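Down below is the structure, laid out as structure tokens.
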Amino acid sequence: MAAAIRQPGWYRGAIGLVLGAAFGFFLVVGLRLLSGLDAMQTEQTGYPQVIVPLITAPFGFLFGFGAFDYWFRWAAGKPTIPEDHSGHGATRWQDYFKFNTDHKVIGTQYVVTTLFFFLIGGLLALLMRAELAQPGAQIVAANTFNGLFSTHAVVMIFLFIIPVFAGLANYVLPLMIGAPDMAFPRLNALSFWLLPIAGIIFLASFLAPGGSFDAGWTGYAPLSTGAPLGQSFFNIGVQFAGASSIATALNFLVTIITMRAPGMNIWRMPLLVWANLSTSLLVVGATPFVAGAQFMVFFDRILGMNFFNFLEGGDVVSYQHIFWFYSHPAVYIMMLPGFGIISEIISTHARKPVFGYRLMALALIGIVVLSYSVWAHHMFVAGMFSWLRVPIMITTLLIAVPTGIKVFSWLGTLFYGKIHTYSTAMLFALAFIVTFTIGGISGVQLGMIPLDIHVSDTYFVVAHIHFVLFGGSVFTIFAGIYHWFPKMTGRMYDERLGRIHFWGTVIGTWMAFVPMHWVGMDGMPRRVADYASQYGDWNLLISVSAFVLGAVQLVFLYNMIVSWRFGPKAGNNPWRANSIEWHVSSPPPVFNFDEIPRVVGGPYEYGTPGARHVIMGGEESADVPEPKPTTVTAPS
Amino acid sequence: MTRLPIFKMVLAVIVVGLIQSVVLLQFNWFGQEASTAAKPIDTMMDVTIVLSSFIFAIVCVALGYALYKWRAKPGDESDGLPIHGNTKLEVIWTLIPVMIVLGLGGYSWAVLNDIEKTKADAIHVNAYAQQFAWTFGYPESGNKWSEGEIHVPVDRQIIFDLRAQDVIHSFWVPEWRMKKDAVPGLETDVVVTPNREGTFQLVCAELCGLGHTTMRAKVVVESQAEYDKWVAGLKSEVPEDLLLTPDQYIEKQKQLEEQSSGIEDSGVIETNKPNEQD
């Protein structure tokens, strides 16, 4: 037992958690008593005796769990424990609950954890839809309702969409570029473990006096600066989720830039790698802004600072500028990795090179650059300087162009291909193109100021973001999970159940989110617990469809869990794909490659006889002729 | 490589796009039009609907044709043609969207200038927002005050000067199509020319707390004569506090604080009084 407590792990983690919480608590109480204040402070924007432990307890847990052991030893000049690779790989399910430094284990941890939060976020949405099925108040009180849509959005954004992409890429990307692991495996593991902490903090806010944070996921000041305690949980949770995101992005950047296999120049990188490179550039640049914005609100709340207090010279609108300077790029953080996934899947299943590969890569970079210049389109009616509106409108409309390039290029990839639709992954990829186009179109409409003046803050906006984030991002996530499931588990999922899930999801998405456009345009504002009875029928349809959409996700879960355990063996390369991860066993060996592979061609060399993307270690390179560069022009 | 049936595909796009446009244009998406801004905004919506219908038709026809024509037969393990791209095509589908969106941008700009243009004879009405109610002042009629109900004359341009007392609210009458946030500490305004008599609802469109859902007010648009009579009949005047500009308001709050506390503001918000025994 004593040894178990000294070893990094759950026992030591639990002790660290308690010690961390106690440290924070007694620090606050002690300092308050020393200053001659009451030990406890229960102003709703205060509660330092709760807030400080909320920050120190997670760090205590992480110290105990072993996240910092190696670094501390090294920093203290002590001999570091030689890496025996016991923290690598997983042979039992328990290994997934360790501070594991294997990118494949971390990838799986990410995907499973985020799917768990996807379910939580979905349940919150269904509670909301149950309330909204009929006009009038039925199920939840107004403050609970405001808490529901706020936590729904926060859980879905910070704990599902953003990190699930990090998880998929964590698993696939090092394999794809022929690297043995991520550049910083310990940082990688730390990034993952910050995530459940953020999730627990967000959800724990339901237990706070005054209920969970309820100022929307946008948390606009001054509503948020005066909100009950739960809002501070949001401010702190975002710091953990944001730190996780930034550390992962740095890791991806260094990995992609320095650890590509010999021969993989940037024009031989698969588009998934390009997509994660672009996403990481956005994350490291933009995420500090949301962290900053939430710190400012936090300081306004508990330290009595006046960043957003107009009575003391604070500027209310500046919150929105700082917040959206992250949160618009965040939309692309939630979309670009999906673009990468779609490119991989469509090319593989259409048996054709991605059409216009270089322009596809450049379009990603174009989106990165432009997305830093469009934030204020969320603020056309917010009372900001009116001169800023037109320039921002122009950049907003222009960002549709690189996005359009991607859609047209995917369609171009299908032409003259051999399109296989037996895989659920491909079905989701094809449906994504159509559904995402709708989200793109309503995005252009929202970018046009006169239309935006009418529909901003209505259900039209709700419809738009759900078409982009559900019809867009979530479809690509499903596609990605189905596509790499055989690689990650070594087993095949059930395509029949996959099809049920696919059709249920597509129909549910359209039935639930299309009518939202209509009620929004007709005058139903967003974030309301009740509405005029004229919108009753459409809302009932939306609610029923939402429940169908929720129910069909259970099929997905069943399929994933049962196939992981009992599915037929998948083999190394069930999709006959080209990229490197498909040239290793399923699941891949602990250290990925015995010998680093050599990249000799582009990633999508379908249809060119003899063309190779990669020569794996152990293959006789003499067997492999250097491919002739082939360029066939499309018919005019 | 077989030639594409370009002509048939273009025809299909036109047919699908037309059907979609015609169907979608049958609906009055934004509801009743009750201000001069409504017409150009609704027309703009129709323009984007037609444009979008054709763009969506291009995507659907291309996808449908590809699936119809090049779907692999079961067991077919061959690859597609190794086409890596087509510069001409890629330039086209970059430049044409650029021109479309720039055109839409210019169009929006023109309409925006149009609907926000103020006239010399516009009347000012103040809208005061606080959790969770609207009140209104009529500065040109002796600062008369109405609570939860606003009357405005038809066919006159009205500049609503928006003031928020606590958090951000948003002024929106769906039938007028115009919206603007009321921001604490800022003076914002929204320009509307109602051109239809009737009773409408003012909706708070920005989440403002527990009562956000029910933060509504009645809007009555009537003839000038009826309006004048209604305003003249108002008993109360706008409370002095609401009349202050944000700067004056801040100044006044500061003075109040100094008078009440007598000590300089330490900057720390603390509700619990220090324990004097210690």
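Residues are referred to by chain and number: the chain letter is A, B, ... according to the order shown in the structure tokens, the number counts from 1 in that chain, and ligands are numbered separately from 1 in the order shown.
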Set the cut-off to 6 Å and count only C-alpha atoms: what are the residues of chain A that reach chain B? Output as a PyMOL selection string. chain A and resi 36-37+142-143+222-223+304+310-311+351-353+355-356+381-383+394+397+401+415-420+448+450+453-454+457+521-523+525+528+607-608+632
From a DSSP pass on the backbone, collect the residues of stretch 69-229 of chain B flagged as strand (DSSP E) and hand them back as JSON, numbers by chain. {"B": [83, 84, 85, 123, 124, 125, 126, 127, 128, 129, 130, 133, 134, 135, 136, 137, 138, 144, 145, 146, 147, 149, 150, 151, 152, 153, 158, 159, 160, 161, 162, 163, 164, 169, 170, 171, 172, 179, 180, 181, 182, 188, 189, 190, 191, 192, 198, 199, 200, 201, 202, 203, 204, 216, 217, 218, 219, 220, 221, 222]}
Could you tell me, as a VMD selection string, which residues of stretch 147-261 of chain B DSSP assigns to alpha helix (DSSP H) when given the backbone? chain B and resid 224 to 232 240 to 243 246 to 261
Determine, counting only C-alpha atoms, which protein, DNA and RNA residues have an atom within 12 Å of an atom of A:Ile500; residues of the same chain fewer than 5 positions away are not included. Present the result as a VMD selection string. chain A and resid 424 427 to 428 494 to 495 505 to 508 548 to 549 551 to 556 558 to 559
Could you dump the residues just selected with N, CA and C atoms as an mmCIF file, in the first residue's frame?
data_model
loop_
_atom_site.group_PDB
_atom_site.id
_atom_site.type_symbol
_atom_site.label_atom_id
_atom_site.label_comp_id
_atom_site.auth_asym_id
_atom_site.auth_seq_id
_atom_site.Cartn_x
_atom_site.Cartn_y
_atom_site.Cartn_z
ATOM 1 N N THR A 424 -19.468 3.165 -44.106
ATOM 2 C CA THR A 424 -20.233 4.236 -43.464
ATOM 3 C C THR A 424 -19.429 5.522 -43.453
ATOM 4 N N LEU A 427 -20.138 7.303 -46.606
ATOM 5 C CA LEU A 427 -21.497 7.853 -46.614
ATOM 6 C C LEU A 427 -21.531 9.175 -45.848
ATOM 7 N N PHE A 428 -20.897 9.184 -44.682
ATOM 8 C CA PHE A 428 -20.881 10.424 -43.910
ATOM 9 C C PHE A 428 -20.109 11.519 -44.656
ATOM 10 N N ASP A 494 -19.776 -2.944 -37.646
ATOM 11 C CA ASP A 494 -20.876 -3.526 -38.413
ATOM 12 C C ASP A 494 -21.436 -2.477 -39.381
ATOM 13 N N GLU A 495 -21.280 -2.708 -40.687
ATOM 14 C CA GLU A 495 -21.719 -1.710 -41.667
ATOM 15 C C GLU A 495 -23.240 -1.547 -41.674
ATOM 16 N N THR A 505 -29.016 9.698 -38.573
ATOM 17 C CA THR A 505 -28.353 10.963 -38.284
ATOM 18 C C THR A 505 -28.656 12.009 -39.357
ATOM 19 N N VAL A 506 -28.587 11.586 -40.627
ATOM 20 C CA VAL A 506 -28.822 12.554 -41.699
ATOM 21 C C VAL A 506 -30.253 13.081 -41.630
ATOM 22 N N ILE A 507 -31.216 12.159 -41.511
ATOM 23 C CA ILE A 507 -32.616 12.594 -41.486
ATOM 24 C C ILE A 507 -32.886 13.423 -40.234
ATOM 25 N N GLY A 508 -32.368 12.964 -39.085
ATOM 26 C CA GLY A 508 -32.561 13.717 -37.849
ATOM 27 C C GLY A 508 -31.978 15.114 -37.940
ATOM 28 N N VAL A 548 -35.092 11.770 -32.107
ATOM 29 C CA VAL A 548 -34.684 10.722 -33.048
ATOM 30 C C VAL A 548 -33.167 10.749 -33.225
ATOM 31 N N LEU A 549 -32.663 11.967 -33.423
ATOM 32 C CA LEU A 549 -31.222 12.146 -33.608
ATOM 33 C C LEU A 549 -30.461 11.633 -32.394
ATOM 34 N N ALA A 551 -31.550 9.342 -30.202
ATOM 35 C CA ALA A 551 -31.718 7.895 -30.043
ATOM 36 C C ALA A 551 -30.793 7.125 -30.984
ATOM 37 N N VAL A 552 -30.632 7.655 -32.205
ATOM 38 C CA VAL A 552 -29.864 6.899 -33.196
ATOM 39 C C VAL A 552 -28.373 6.883 -32.837
ATOM 40 N N GLN A 553 -27.958 7.812 -31.971
ATOM 41 C CA GLN A 553 -26.561 7.775 -31.531
ATOM 42 C C GLN A 553 -26.294 6.559 -30.643
ATOM 43 N N LEU A 554 -27.360 6.013 -30.053
ATOM 44 C CA LEU A 554 -27.172 4.807 -29.237
ATOM 45 C C LEU A 554 -26.765 3.631 -30.119
ATOM 46 N N VAL A 555 -27.293 3.617 -31.355
ATOM 47 C CA VAL A 555 -26.886 2.571 -32.301
ATOM 48 C C VAL A 555 -25.388 2.666 -32.547
ATOM 49 N N PHE A 556 -24.925 3.908 -32.733
ATOM 50 C CA PHE A 556 -23.502 4.141 -32.960
ATOM 51 C C PHE A 556 -22.675 3.607 -31.789
ATOM 52 N N TYR A 558 -23.485 1.381 -29.512
ATOM 53 C CA TYR A 558 -23.570 -0.078 -29.451
ATOM 54 C C TYR A 558 -22.613 -0.698 -30.461
ATOM 55 N N ASN A 559 -22.668 -0.148 -31.683
ATOM 56 C CA ASN A 559 -21.822 -0.656 -32.758
ATOM 57 C C ASN A 559 -20.345 -0.546 -32.390
#
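The gap separating atom CA of A:Trp71 from atom CA of A:Ala179 is 23.1 Å, in Å to one decimal.
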I'd like the contact shell of B:Ile150 - 7 Å cut-off, only C-alpha atoms, skipping same-chain residues fewer than 4 positions apart - returned as a tab-separated table (two decimals) with N, CA, C and O atoms, in the first residue's frame.
chain	number	residue	atom	x	y	z
B	136	PHE	N	-39.95	53.94	-22.23
B	136	PHE	CA	-39.69	54.81	-23.38
B	136	PHE	C	-39.88	56.27	-23.01
B	136	PHE	O	-40.80	56.61	-22.26
B	146	SER	N	-43.37	56.36	-21.01
B	146	SER	CA	-44.33	55.24	-21.02
B	146	SER	C	-43.59	53.96	-20.68
B	146	SER	O	-42.42	53.79	-21.03
B	218	LYS	N	-45.04	46.31	-25.96
B	218	LYS	CA	-46.04	46.47	-27.01
B	218	LYS	C	-45.66	47.67	-27.86
B	218	LYS	O	-45.28	48.73	-27.33
B	219	VAL	N	-45.74	47.51	-29.16
B	219	VAL	CA	-45.41	48.60	-30.07
B	219	VAL	C	-46.68	48.96	-30.85
B	219	VAL	O	-47.27	48.08	-31.49
B	220	VAL	N	-47.09	50.21	-30.78
B	220	VAL	CA	-48.28	50.64	-31.53
B	220	VAL	C	-47.85	51.69	-32.55
B	220	VAL	O	-47.26	52.71	-32.20
Excluding stretch 368-372 of chain A and residues on its chain fewer than 5 positions from it, collect all residues at most 9 Å away from it, counting only C-alpha atoms, and give them as a PyMOL selection string. chain A and resi 278-279+281-282+286+325-326+328-329+331-332+363+395-396+398-399
Let me make sure I understand: among A:Ala350, A:Ile256, A:Val462, A:Ala247, which one has the smallest atom-to-atom distance to A:Gly285 if we use only C-alpha atoms? A:Ala247
Which residues are close to stretch 579-581 of chain A, i.e. within 7 Å by only C-alpha atoms, leaving aside same-chain residues fewer than 2 positions away? Reply as JSON, numbers by chain. {"A": [172, 175, 176, 178, 577, 583, 584, 603, 613, 614]}
Selected residues written out with C-alpha atoms, as a PDB file, in the first residue's frame:
ATOM      1  CA  VAL A 172      -3.382   9.009 -36.834  1.00  0.00           C
ATOM      2  CA  LEU A 175       1.589   7.331 -38.094  1.00  0.00           C
ATOM      3  CA  MET A 176       0.729   9.296 -41.219  1.00  0.00           C
ATOM      4  CA  GLY A 178       6.033   8.194 -40.280  1.00  0.00           C
ATOM      5  CA  ALA A 577      -5.626   3.223 -48.657  1.00  0.00           C
ATOM      6  CA  HIS A 583       0.975   0.049 -43.972  1.00  0.00           C
ATOM      7  CA  VAL A 584       1.411  -1.004 -40.341  1.00  0.00           C
ATOM      8  CA  PRO A 603      -0.118  10.656 -50.613  1.00  0.00           C
ATOM      9  CA  HIS A 613       3.673   6.963 -51.478  1.00  0.00           C
ATOM     10  CA  VAL A 614       5.973   5.165 -49.108  1.00  0.00           C
TER      11      VAL A 614
END
Closest of B:Val154, B:Leu25, B:Leu243, B:Leu256 to B:Glu222 - atom-to-atom distances counting only C-alpha atoms: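 Looking only at the distances to B:Glu222, the closest residue turns out to be B:Val154.
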So how far away is atom CA of B:Trp134 from atom CA of B:Gln255, in Å?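 One can read the atom CA of B:Gln255 to atom CA of B:Trp134 distance as 26.9 Å.
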Work out how far atom CA of A:Ile346 is from atom CA of A:Phe118, in Å to one decimal. 25.3 Å
